[in-house]
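Asks: Take this structure, written in structure tokens, and hold onto it; I'll ask about it next.
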Amino acid sequence: MVTEDRVAVRKRSVHAASENAYLIDIPDTGVIDRILRRLPERHRVLAAPPRGSATVPVRGDIGLPYLGRALHYMRWGPAEMMERHRRYGPVSLNSSLGVDRVLVSGPEALDEVLGKRRRDFGQGWDYFIGPFFRRGLLLLEFDEHMFHRRIMQQAFTRDRLAAHLATLTPVARAAVARWVPRGQDGARVRLYPTIKELTLEIAGETFMAVDVGSRRRELVEAFVECTHAGLSIVRHPIPGGHWRAGLRGRQVLERYFTEMLPAKRRSQDPDFFSGLCHARSEDGEVFTDADVVNHMIFLIMAAHDTTTTTATAVAYYLGKHPEWQHRVRDEVLAADAETGDAATTIADLDRLSELDLVVRESLRLMPPVPGLVRRAVRDTEILGHYIPAGTAVDLAYQVNHLLPELWTRPEVFDPLRFAEPRREDHSHRLAWLPFGAGAHKCIGMHFGTFEVKTLIAAMVREYEWRIPDDYRMPWGFTTIPFPRDGAPMMLRRRR
């Protein structure tokens, strides 16, 4: 006889196994999914290797004319990359938007680009976001990139991070507490745009020492327009198009930061904007006005967009798995009791081990930047495949996060895979890399992690939430993943 408890356990096991299957296997449930699955394939070779070369050509499916596989990716994201990996191996041709691109996945292939042959590949982001985030740190390469990175690193020392954290904690806790008006037991909140406005406010306070105030909506829209323009199908400024909106957003951001620049040049405040204005290299060189504006636009985008996606994903999984929500809440409340509810410090956040496991697992399943983009600067090879100079190379590292040879049941939300003694992220040094790797590894990864933990800690203090078993987050995939429905959640005040 099967008991009710066994039935419940079985149901939970099936639910856990299936809730992330759409990240790994292409669905066949919606009309759009069925249409895209049935489109004919068009196989092609990228380029013939030079005579006498021991390399082999890159082969793959170039998809639709001009569009290539762009629609497939925007619909399916990681499931599309997983399907390419299974069908064509770790190095394949994967054209999109009129450009022949090489898709690279799996730890060995990525290691060739990021390690063994890293000087053969410069950054490749210009094609996607160059017009909107030009000369941001991610878009520089080689010696110039390292020069700018060394100067910017001055703003991310542990002492600076501690000061930033002291600023963001009260802002985050006060804002989260207002999500459900006092006197109400609960309220339905569209979590993604709500968090997005908050993270922009935090970025303003932390990095610029300003209250974005009445301009918050204008700036949020400008950043959204810039980030979504990267995968525009029509890459010209036609009326009503995403490309034109992105260029307009860039103008808004340039005006905003340029207006503030003279005062920041005079200021001795400890915020990041002022720090960039006064930062010097070992030789006494400083950033130009254009450098400062470019870096601020890219930094604020990275500081709030990626954090918004990560915090939304963490909240989603905590709503899907109430047992983990309880564990995280108990840990946060115990830490509050120990510190007397004092302002959170880096040491306090480091002790939240349960929350850290959940954040890591959420980043495995939905990293805010699911791939890296490079460009071959000379003829080279990847795992014996010939890569001509100038070839765009997409490093689909999210595939590594979902490979069964690296992770136990990768479709299952299982934070304990990051705990001792399992430490499945140690299965390969490139098994888990949500912050990138190599010279371009995210300069703000520690600050971003602290911010996400601060936001989630504030949420579990104030609220409880439960997400129905049959709900799946409808992620949309552009430059940065986002929930197409805004991630509606019912937050109820804790009694």
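By order of appearance in the structure tokens: chains A, B, ..., then residues from 1 within every chain, and ligands from 1 in the order shown.
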Residues near Ile129 (chain A), anyone? I mean within 9 Å using only C-alpha atoms, not counting same-chain ones fewer than 2 positions away, as a list in words.
Replies: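 Residues near the query, excluding close chain neighbours: Trp125, Asp126, Tyr127, Pro131, Phe132, Phe133, Arg134, Leu139, Cys226, Thr227, Ala229, Gly230, Leu231 and Thr479 of chain A.
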Asks: Write out as a PyMOL selection string the residues lying within 12 Å of Val210 (chain A), counting only C-alpha atoms and excluding same-chain residues fewer than 2 positions away.
Replies: chain A and resi 167+200-208+212-216+256-257+260+263-264+269+271-274
Asks: Set the distance at 7 Å and use only C-alpha atoms: which residues neighbour region 151-155 of chain A once local chain neighbours fewer than 4 positions away are removed? I'd like the list as a tab-separated table (two decimals) with N, CA and C atoms, in the first residue's frame.
Replies:
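Writing done, so here's selection-v3.tsv:
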```tsv
chain	number	residue	atom	x	y	z
A	147	PHE	N	44.37	48.24	-18.81
A	147	PHE	CA	44.67	49.58	-18.29
A	147	PHE	C	43.44	50.17	-17.60
A	160	ARG	N	35.92	49.65	0.08
A	160	ARG	CA	34.91	50.33	-0.75
A	160	ARG	C	33.61	49.53	-0.77
A	272	PHE	N	31.41	56.13	-6.48
A	272	PHE	CA	32.16	55.59	-7.60
A	272	PHE	C	32.32	56.61	-8.72
A	275	GLY	N	34.97	58.84	-7.86
A	275	GLY	CA	36.22	58.09	-7.89
A	275	GLY	C	36.76	57.94	-9.30
A	279	ALA	N	40.42	59.03	-10.44
A	279	ALA	CA	41.30	57.87	-10.46
A	279	ALA	C	42.48	58.11	-11.40
A	280	ARG	N	43.65	57.59	-11.00
A	280	ARG	CA	44.86	57.75	-11.80
A	280	ARG	C	45.57	56.41	-11.93
A	281	SER	N	46.23	56.24	-13.05
A	281	SER	CA	47.06	55.06	-13.23
A	281	SER	C	48.39	55.26	-12.51
```
Asks: With only C-alpha atoms as the atoms that count, which of A:Leu261, A:Leu253, A:Val91, A:Val293 lies nearest to Val104 (chain A)?
Replies: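 Among A:Leu261, A:Leu253, A:Val91, A:Val293, it is A:Val91 that comes nearest to Val104 (chain A).
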Asks: If we count only C-alpha atoms, what is near His242 (chain A) at a cut-off of 8 Å, once residues fewer than 6 positions away on the same chain are taken out, given as a list in words?
Replies: Glu225, His228, Ala229, Ser232 and Val234 of chain A
Asks: Using DSSP secondary structure from the backbone, list all helix (DSSP H, G or I) positions within region 416-488 of chain A, as a PyMOL selection string.
Replies: chain A and resi 416-418+424-426+438-440+445-462
Asks: Please list as a ChimeraX atom specification every residue within 10 Å of Ile62 (chain A), counting only C-alpha atoms and excluding residues in the same chain fewer than 6 positions away.
Replies: /A:41-46,68-69,92-96,98-101
Asks: Taking 2 positions as the minimum chain separation for residues in the same chain, which residues sit within 8 Å of Thr345 (chain A) when counting only C-alpha atoms? Answer as an MDAnalysis selection string.
Replies: chainID A and resid 162 165:166 343 347:349
